[in-house]
>>> print(open('query.csv').read())   # CSV, C-alpha atoms and all ligand atoms
chain,number,residue,atom,x,y,z
D,1,MET,CA,5.7,12.6,22.3
D,2,GLU,CA,2.9,12.8,19.8
D,3,GLN,CA,-0.7,12.6,21.2
D,4,ILE,CA,-2.2,9.2,20.4
D,5,HIS,CA,-5.7,9.3,18.9
D,6,PRO,CA,-8.2,7.9,21.5
D,7,ASP,CA,-9.5,5.3,19.0
D,8,VAL,CA,-6.0,3.9,18.6
D,9,SER,CA,-4.9,1.2,21.0
D,10,LYS,CA,-1.3,1.1,20.1
D,11,VAL,CA,1.2,2.9,17.8
D,12,ILE,CA,3.2,0.3,15.9
D,13,LEU,CA,5.2,2.6,13.6
D,14,SER,CA,6.0,6.1,14.7
D,15,GLU,CA,6.8,9.0,12.3
D,16,GLU,CA,10.5,8.3,12.9
D,17,ASP,CA,10.1,4.6,12.2
D,18,ILE,CA,8.2,5.4,9.0
D,19,LYS,CA,10.9,7.8,7.8
D,20,GLY,CA,13.6,5.2,8.3
D,21,ILE,CA,11.6,2.5,6.4
D,22,VAL,CA,10.7,4.8,3.5
D,23,ALA,CA,14.4,5.9,3.2
D,24,ARG,CA,15.5,2.2,3.1
D,25,MET,CA,12.9,1.3,0.5
D,26,GLY,CA,13.7,4.3,-1.6
D,27,ALA,CA,17.4,3.3,-1.6
D,28,GLU,CA,16.6,-0.2,-2.7
D,29,ILE,CA,14.3,0.9,-5.5
D,30,THR,CA,16.8,3.5,-6.6
D,31,LYS,CA,19.5,0.8,-6.9
D,32,ASP,CA,17.3,-1.6,-8.8
D,33,TYR,CA,15.9,1.0,-11.3
D,34,ALA,CA,19.2,2.8,-12.0
D,35,GLY,CA,19.2,3.9,-15.7
D,36,LYS,CA,15.5,3.2,-16.0
D,37,ASN,CA,12.4,5.4,-15.9
D,38,PRO,CA,9.9,3.5,-13.8
D,39,LEU,CA,6.2,4.3,-13.6
D,40,LEU,CA,5.0,4.2,-10.0
D,41,ILE,CA,1.3,3.3,-9.8
D,42,ALA,CA,-0.4,3.9,-6.5
D,43,VAL,CA,-3.6,2.3,-5.6
D,44,LEU,CA,-6.0,4.9,-4.3
D,45,ARG,CA,-6.7,6.1,-1.8
D,46,GLY,CA,-4.7,4.5,1.0
D,47,ALA,CA,-1.4,4.5,-0.8
D,48,VAL,CA,-1.2,8.2,-1.6
D,49,VAL,CA,0.7,9.1,1.6
D,50,PHE,CA,3.3,6.4,1.1
D,51,MET,CA,3.5,7.3,-2.6
D,52,GLY,CA,4.2,11.0,-1.7
D,53,ASP,CA,7.0,9.9,0.6
D,54,VAL,CA,8.6,7.1,-1.3
D,55,MET,CA,8.7,8.9,-4.7
D,56,ARG,CA,10.9,11.6,-3.0
D,57,ALA,CA,13.2,8.9,-1.6
D,58,ILE,CA,13.8,7.5,-5.2
D,59,ASP,CA,16.7,9.1,-7.0
D,60,CYS,CA,16.0,8.3,-10.7
D,61,PRO,CA,13.7,9.6,-13.3
D,62,LEU,CA,10.2,8.3,-12.8
D,63,GLY,CA,6.5,8.9,-13.5
D,64,ILE,CA,3.5,8.4,-11.4
D,65,ASP,CA,-0.1,7.4,-12.1
D,66,PHE,CA,-3.1,6.3,-10.0
D,67,MET,CA,-5.7,3.6,-10.0
D,68,ALA,CA,-8.7,3.1,-7.8
D,69,VAL,CA,-10.0,-0.3,-7.1
D,70,SER,CA,-12.7,-1.3,-4.6
D,71,SER,CA,-12.5,-4.4,-2.5
D,72,TYR,CA,-13.3,-3.3,1.0
D,73,GLY,CA,-16.1,-0.7,1.0
D,74,ASP,CA,-16.3,0.8,4.4
D,75,GLY,CA,-16.0,-2.5,6.2
D,76,ALA,CA,-13.1,-4.3,7.7
D,77,VAL,CA,-13.3,-7.7,6.0
D,78,SER,CA,-11.9,-8.5,2.5
D,79,SER,CA,-14.5,-9.6,0.1
D,80,GLY,CA,-12.1,-10.7,-2.6
D,81,VAL,CA,-14.3,-8.8,-5.1
D,82,VAL,CA,-12.2,-6.2,-6.9
D,83,ARG,CA,-13.4,-3.6,-9.4
D,84,ILE,CA,-11.4,-1.0,-11.2
D,85,VAL,CA,-13.0,2.3,-10.3
D,86,LYS,CA,-10.4,4.6,-12.0
D,87,ASP,CA,-8.0,3.3,-14.6
D,88,LEU,CA,-4.5,4.7,-15.6
D,89,ASP,CA,-4.0,7.7,-17.7
D,90,THR,CA,-0.6,6.3,-18.9
D,91,LYS,CA,0.2,3.6,-21.5
D,92,ILE,CA,2.4,1.1,-19.7
D,93,GLU,CA,3.5,-1.1,-22.6
D,94,GLY,CA,7.3,-1.4,-22.4
D,95,ARG,CA,7.4,0.5,-19.1
D,96,ASP,CA,9.0,-0.7,-15.8
D,97,VAL,CA,6.0,-0.6,-13.6
D,98,LEU,CA,6.1,-0.5,-9.8
D,99,ILE,CA,2.8,-0.8,-7.9
D,100,ILE,CA,2.9,1.3,-4.7
D,101,GLU,CA,0.6,-0.3,-2.2
D,102,ASP,CA,-0.3,0.7,1.4
D,103,ILE,CA,-1.1,-2.7,2.9
D,104,LEU,CA,-1.1,-6.2,1.6
D,105,ASP,CA,-3.5,-8.5,3.4
D,106,SER,CA,-4.9,-11.5,1.4
D,107,GLY,CA,-3.2,-10.1,-1.7
D,108,LEU,CA,-6.3,-10.7,-3.7
D,109,THR,CA,-6.6,-7.1,-4.7
D,110,LEU,CA,-3.1,-7.0,-6.1
D,111,LYS,CA,-3.4,-10.4,-7.7
D,112,TYR,CA,-6.3,-9.1,-9.8
D,113,LEU,CA,-4.5,-5.9,-10.6
D,114,MET,CA,-1.2,-7.6,-11.6
D,115,LYS,CA,-3.1,-9.8,-14.0
D,116,ASN,CA,-4.9,-6.9,-15.5
D,117,LEU,CA,-1.7,-4.8,-15.8
D,118,ARG,CA,0.4,-7.7,-17.2
D,119,SER,CA,-2.0,-8.0,-20.1
D,120,ARG,CA,-0.9,-4.5,-21.1
D,121,ARG,CA,2.7,-5.8,-21.6
D,122,PRO,CA,4.9,-3.7,-19.3
D,123,ALA,CA,8.6,-4.4,-19.5
D,124,SER,CA,8.5,-5.3,-15.8
D,125,LEU,CA,5.9,-5.4,-13.0
D,126,GLU,CA,6.8,-5.3,-9.3
D,127,ILE,CA,5.1,-4.4,-6.0
D,128,ALA,CA,6.3,-2.1,-3.2
D,129,ALA,CA,4.1,-2.7,-0.2
D,130,PHE,CA,4.5,-0.4,2.8
D,131,LEU,CA,2.9,-3.0,5.1
D,132,VAL,CA,2.2,-6.7,4.9
D,133,LYS,CA,-0.3,-8.1,7.3
D,134,ASP,CA,0.8,-11.3,8.9
D,135,VAL,CA,-2.4,-13.5,9.1
D,136,PRO,CA,-1.8,-16.9,10.7
D,137,GLY,CA,-2.4,-19.6,8.1
D,138,GLN,CA,-2.8,-17.1,5.3
D,139,GLU,CA,-0.4,-17.0,2.3
D,140,THR,CA,-0.5,-13.8,0.3
D,141,ALA,CA,-1.7,-14.3,-3.3
D,142,VAL,CA,1.2,-12.1,-4.6
D,143,THR,CA,4.8,-11.6,-3.4
D,144,PRO,CA,5.9,-8.0,-3.2
D,145,ARG,CA,9.5,-7.2,-4.3
D,146,TYR,CA,9.8,-4.5,-1.6
D,147,VAL,CA,8.2,-4.6,1.9
D,148,GLY,CA,8.3,-1.9,4.4
D,149,ALA,CA,7.2,-3.7,7.6
D,150,HIS,CA,5.0,-6.6,8.8
D,151,VAL,CA,2.0,-5.8,11.0
D,152,PRO,CA,-0.1,-8.1,13.1
D,153,ASP,CA,-3.6,-9.3,12.1
D,154,GLU,CA,-5.4,-6.3,13.5
D,155,PHE,CA,-7.2,-3.4,11.8
D,156,ILE,CA,-4.5,-0.9,11.0
D,157,VAL,CA,-5.0,2.8,10.5
D,158,GLY,CA,-3.0,6.0,9.8
D,159,TYR,CA,-0.4,7.0,7.2
D,160,GLY,CA,-3.1,6.9,4.5
D,161,LEU,CA,-5.0,3.9,5.9
D,162,ASP,CA,-8.6,4.4,6.9
D,163,PHE,CA,-11.5,3.0,8.6
D,164,ALA,CA,-14.7,4.4,7.0
D,165,GLU,CA,-12.5,7.2,5.6
D,166,ARG,CA,-11.3,8.2,9.0
D,167,TYR,CA,-7.8,8.3,10.4
D,168,ARG,CA,-5.9,8.6,7.1
D,169,ASN,CA,-4.2,11.7,8.3
D,170,LEU,CA,-2.7,10.2,11.4
D,171,PRO,CA,1.1,10.6,10.9
D,172,TYR,CA,1.8,7.2,12.5
D,173,ILE,CA,0.6,3.5,11.9
D,174,GLY,CA,-1.6,2.3,14.7
D,175,ILE,CA,-4.0,-0.4,15.7
D,176,LEU,CA,-7.6,0.6,15.7
D,177,LYS,CA,-9.5,-0.4,18.9
D,178,PRO,CA,-11.8,-3.3,18.0
D,179,GLU,CA,-14.8,-1.6,19.7
D,180,VAL,CA,-14.5,1.2,17.1
D,181,TYR,CA,-15.2,-1.2,14.2
D,182,GLY,CA,-17.5,-3.3,16.2
D,183,LYS,CA,-15.7,-6.6,16.4
D,201,LIG,P1,-6.2,-7.7,0.2
D,201,LIG,O1,-6.8,-8.6,1.2
D,201,LIG,O2,-6.9,-7.7,-1.1
D,201,LIG,O3,-6.6,-6.2,0.8
D,201,LIG,O4,-4.7,-7.8,0.2
D,201,LIG,C1,-5.8,-5.1,0.5
D,201,LIG,C2,-6.6,-3.9,0.7
D,201,LIG,O5,-7.4,-4.0,1.8
D,201,LIG,C3,-7.3,-2.8,2.6
D,201,LIG,N1,-6.9,-3.2,3.9
D,201,LIG,C4,-6.8,-2.4,5.0
D,201,LIG,N2,-7.1,-1.1,5.1
D,201,LIG,N3,-6.5,-1.2,7.4
D,201,LIG,C5,-7.0,-0.5,6.3
D,201,LIG,O6,-7.2,0.7,6.4
D,201,LIG,C6,-6.3,-2.5,7.4
D,201,LIG,O7,-5.9,-3.1,8.4
D,201,LIG,C7,-6.4,-3.2,6.1
D,201,LIG,N4,-6.2,-4.4,5.7
D,201,LIG,C8,-6.5,-4.4,4.4
D,201,LIG,C9,-6.4,-1.9,1.9
D,201,LIG,O8,-7.1,-0.9,1.2
D,201,LIG,C10,-5.6,-2.7,0.9
D,201,LIG,O9,-5.3,-2.1,-0.3
D,202,MG,MG,-9.6,1.4,3.0
>>> encode(input="query.csv", output="structure tokens", more="lines below")
Ligand code: XMP
Ligand code: MG
Amino acid sequence: MEQIHPDVSKVILSEEDIKGIVARMGAEITKDYAGKNPLLIAVLRGAVVFMGDVMRAIDCPLGIDFMAVSSYGDGAVSSGVVRIVKDLDTKIEGRDVLIIEDILDSGLTLKYLMKNLRSRRPASLEIAAFLVKDVPGQETAVTPRYVGAHVPDEFIVGYGLDFAERYRNLPYIGILKPEVYGK
């Protein structure tokens, strides 16, 4: 068994779980984009780990690009304020665009991003979210076409997800102990 980080209260997805989920998502995406050449856009920085895995689970020609938006700062509460910090290097007009996201919470970040990207006239625009946070009474502002797993309304770290830039390198998905982020 892998050693659990002392700041993590519980592992919700092990490395093995993650492998299975990524393989399943990759197969779905491969099927849907057969004969196409999608552009995968990952939202920095949390989605880089998922991007690296899922792109290798997709068996069709594809391109990748990256955007950085800020909505969270170093804190744990969504502000709803989104700013493009780094834009694409690729023209997306006429491309089949698939946004690769680490975790969808309120969905406000992606709602903003989708609107922005749609104005550039891609042929299609979909979302693959590795995680969707189930918040009681909250409806997400966007609906991802592909979902890896649902997680509880806790602060999630690992597999690219951070708290104050820490824990991104944990190979599993875990719940951060509330005392670590001072709740
Ligand atoms: P919204 O609410 O706009 O937020 O869907 C999505 C972005 O917020 C970050 N986020 C988290 N990051 N653990 C994290 O490390 C979490 O539990 C968490 N919840 C939301 C994430 O950057 C995502 O892109
Ligand atoms: Mg973050």
>>> closest_residue(input="query.csv", among="D:Phe50, D:Phe130, D:Tyr146, D:Tyr112", to="Arg168 (chain D)", atoms="only C-alpha atoms")
D:Phe50
>>> atom_distance(input="query.csv", atom1="CA of Asp7 (chain D)", atom2="atom O2 of ligand LIG 201 (chain D)")
24.1 Å
>>> residues_near_point(input="query.csv", point="(-4.6, 7.7, 7.2)", cutoff="10 Å", atoms="all atoms listed in the file", output="ChimeraX atom specification")
/D:45-49,156-163,165-174
>>> write_last_selection(input="query.csv", atoms="C-alpha atoms", output="compact mmCIF listing (two decimals), keeping the file's coordinate frame")
# COMPACT_ATOMS: atom_id res chain seq x y z
CA ARG D 45 -6.70 6.10 -1.80
CA GLY D 46 -4.70 4.50 1.00
CA ALA D 47 -1.40 4.50 -0.80
CA VAL D 48 -1.20 8.20 -1.60
CA VAL D 49 0.70 9.10 1.60
CA ILE D 156 -4.50 -0.90 11.00
CA VAL D 157 -5.00 2.80 10.50
CA GLY D 158 -3.00 6.00 9.80
CA TYR D 159 -0.40 7.00 7.20
CA GLY D 160 -3.10 6.90 4.50
CA LEU D 161 -5.00 3.90 5.90
CA ASP D 162 -8.60 4.40 6.90
CA PHE D 163 -11.50 3.00 8.60
CA GLU D 165 -12.50 7.20 5.60
CA ARG D 166 -11.30 8.20 9.00
CA TYR D 167 -7.80 8.30 10.40
CA ARG D 168 -5.90 8.60 7.10
CA ASN D 169 -4.20 11.70 8.30
CA LEU D 170 -2.70 10.20 11.40
CA PRO D 171 1.10 10.60 10.90
CA TYR D 172 1.80 7.20 12.50
CA ILE D 173 0.60 3.50 11.90
CA GLY D 174 -1.60 2.30 14.70
>>> residues_near_point(input="query.csv", point="(7.7, 5.9, -15.4)", cutoff="6 Å", atoms="all atoms listed in the file", output="ChimeraX atom specification")
/D:37-39,62-63
>>> residues_around(input="query.csv", residues="Pro152 (chain D)", least_positions_apart="3", cutoff="8 Å", atoms="all atoms listed in the file", output="number ranges by chain")
D: 133-135
>>> residues_around(input="query.csv", residues="region 104-110 of chain D", least_positions_apart="4", cutoff="9 Å", atoms="all atoms listed in the file", output="PyMOL selection string")
chain D and resi 69-71+78+80-83+99+114-115+127+129-135+138-144+153
>>> closest_residue(input="query.csv", among="D:Ile21, D:Val151, D:Cys60, D:Val180", to="Ala34 (chain D)", atoms="all atoms listed in the file")
D:Cys60
>>> closest_residue(input="query.csv", among="D:Gly148, D:Gly52, D:Ile4, D:Val11", to="Ile175 (chain D)", atoms="all atoms listed in the file")
D:Val11
>>> closest_residue(input="query.csv", among="D:Ala57, D:Leu113, D:Leu13, D:Pro122", to="Val85 (chain D)", atoms="all atoms listed in the file")
D:Leu113
>>> atom_distance(input="query.csv", atom1="atom P1 of ligand LIG 201 (chain D)", atom2="CA of Leu117 (chain D)")
16.9 Å
>>> closest_residue(input="query.csv", among="D:Pro136, D:Lys177, D:Glu126, D:Leu44", to="ligand MG 202 (chain D)", atoms="only C-alpha atoms and all ligand atoms")
D:Leu44
>>> residues_around(input="query.csv", residues="Val54 (chain D)", least_positions_apart="4", cutoff="8 Å", atoms="all atoms listed in the file", output="list in words")
Val22, Ala23, Met25, Gly26, Phe50 and Ile58 of chain D
>>> atom_distance(input="query.csv", atom1="atom O1 of ligand LIG 201 (chain D)", atom2="CA of Ser9 (chain D)")
22.2 Å
>>> build_atoms(input="query.csv", residues="region 37-67 of chain D", atoms="N, CA and C atoms", output="CSV table (one decimal), in the coordinates of the input")
chain,number,residue,atom,x,y,z
D,37,ASN,N,13.4,4.3,-16.1
D,37,ASN,CA,12.4,5.4,-15.9
D,37,ASN,C,11.1,4.8,-15.5
D,38,PRO,N,11.1,4.2,-14.2
D,38,PRO,CA,9.9,3.5,-13.8
D,38,PRO,C,8.6,4.3,-13.7
D,39,LEU,N,7.5,3.6,-13.9
D,39,LEU,CA,6.2,4.3,-13.6
D,39,LEU,C,5.7,3.7,-12.3
D,40,LEU,N,5.5,4.6,-11.3
D,40,LEU,CA,5.0,4.2,-10.0
D,40,LEU,C,3.4,4.4,-10.1
D,41,ILE,N,2.8,3.3,-9.8
D,41,ILE,CA,1.3,3.3,-9.8
D,41,ILE,C,0.8,3.1,-8.4
D,42,ALA,N,0.2,4.1,-7.8
D,42,ALA,CA,-0.4,3.9,-6.5
D,42,ALA,C,-1.9,3.5,-6.6
D,43,VAL,N,-2.3,2.7,-5.7
D,43,VAL,CA,-3.6,2.3,-5.6
D,43,VAL,C,-4.3,3.2,-4.6
D,44,LEU,N,-5.3,4.0,-5.1
D,44,LEU,CA,-6.0,4.9,-4.3
D,44,LEU,C,-6.9,4.2,-3.3
D,45,ARG,N,-7.3,4.8,-2.2
D,45,ARG,CA,-6.7,6.1,-1.8
D,45,ARG,C,-5.6,5.9,-0.8
D,46,GLY,N,-5.6,4.7,-0.2
D,46,GLY,CA,-4.7,4.5,1.0
D,46,GLY,C,-3.3,4.7,0.7
D,47,ALA,N,-2.8,4.5,-0.6
D,47,ALA,CA,-1.4,4.5,-0.8
D,47,ALA,C,-0.9,5.9,-1.2
D,48,VAL,N,-1.7,6.9,-1.1
D,48,VAL,CA,-1.2,8.2,-1.6
D,48,VAL,C,-0.2,8.8,-0.6
D,49,VAL,N,-0.3,8.5,0.7
D,49,VAL,CA,0.7,9.1,1.6
D,49,VAL,C,2.0,8.4,1.4
D,50,PHE,N,2.0,7.1,1.3
D,50,PHE,CA,3.3,6.4,1.1
D,50,PHE,C,3.9,6.8,-0.3
D,51,MET,N,3.0,6.9,-1.3
D,51,MET,CA,3.5,7.3,-2.6
D,51,MET,C,4.2,8.7,-2.5
D,52,GLY,N,3.6,9.6,-1.8
D,52,GLY,CA,4.2,11.0,-1.7
D,52,GLY,C,5.5,10.9,-1.1
D,53,ASP,N,5.7,10.1,-0.1
D,53,ASP,CA,7.0,9.9,0.6
D,53,ASP,C,8.0,9.2,-0.2
D,54,VAL,N,7.6,8.0,-0.7
D,54,VAL,CA,8.6,7.1,-1.3
D,54,VAL,C,9.1,7.6,-2.7
D,55,MET,N,8.2,8.4,-3.4
D,55,MET,CA,8.7,8.9,-4.7
D,55,MET,C,9.8,9.9,-4.5
D,56,ARG,N,9.8,10.6,-3.3
D,56,ARG,CA,10.9,11.6,-3.0
D,56,ARG,C,12.1,10.9,-2.5
D,57,ALA,N,12.0,9.6,-2.1
D,57,ALA,CA,13.2,8.9,-1.6
D,57,ALA,C,13.8,8.1,-2.8
D,58,ILE,N,13.3,8.2,-4.0
D,58,ILE,CA,13.8,7.5,-5.2
D,58,ILE,C,14.6,8.5,-6.0
D,59,ASP,N,15.8,8.2,-6.3
D,59,ASP,CA,16.7,9.1,-7.0
D,59,ASP,C,17.0,8.6,-8.4
D,60,CYS,N,15.9,8.6,-9.2
D,60,CYS,CA,16.0,8.3,-10.7
D,60,CYS,C,14.8,8.9,-11.3
D,61,PRO,N,14.9,9.1,-12.7
D,61,PRO,CA,13.7,9.6,-13.3
D,61,PRO,C,12.5,8.7,-13.1
D,62,LEU,N,11.3,9.2,-12.9
D,62,LEU,CA,10.2,8.3,-12.8
D,62,LEU,C,8.9,9.1,-13.1
D,63,GLY,N,7.9,8.3,-13.3
D,63,GLY,CA,6.5,8.9,-13.5
D,63,GLY,C,5.6,8.3,-12.5
D,64,ILE,N,4.5,9.0,-12.3
D,64,ILE,CA,3.5,8.4,-11.4
D,64,ILE,C,2.1,8.4,-12.1
D,65,ASP,N,1.3,7.5,-11.6
D,65,ASP,CA,-0.1,7.4,-12.1
D,65,ASP,C,-0.9,6.7,-10.9
D,66,PHE,N,-2.2,6.8,-11.1
D,66,PHE,CA,-3.1,6.3,-10.0
D,66,PHE,C,-4.2,5.4,-10.5
D,67,MET,N,-4.5,4.4,-9.8
D,67,MET,CA,-5.7,3.6,-10.0
D,67,MET,C,-6.5,3.5,-8.8
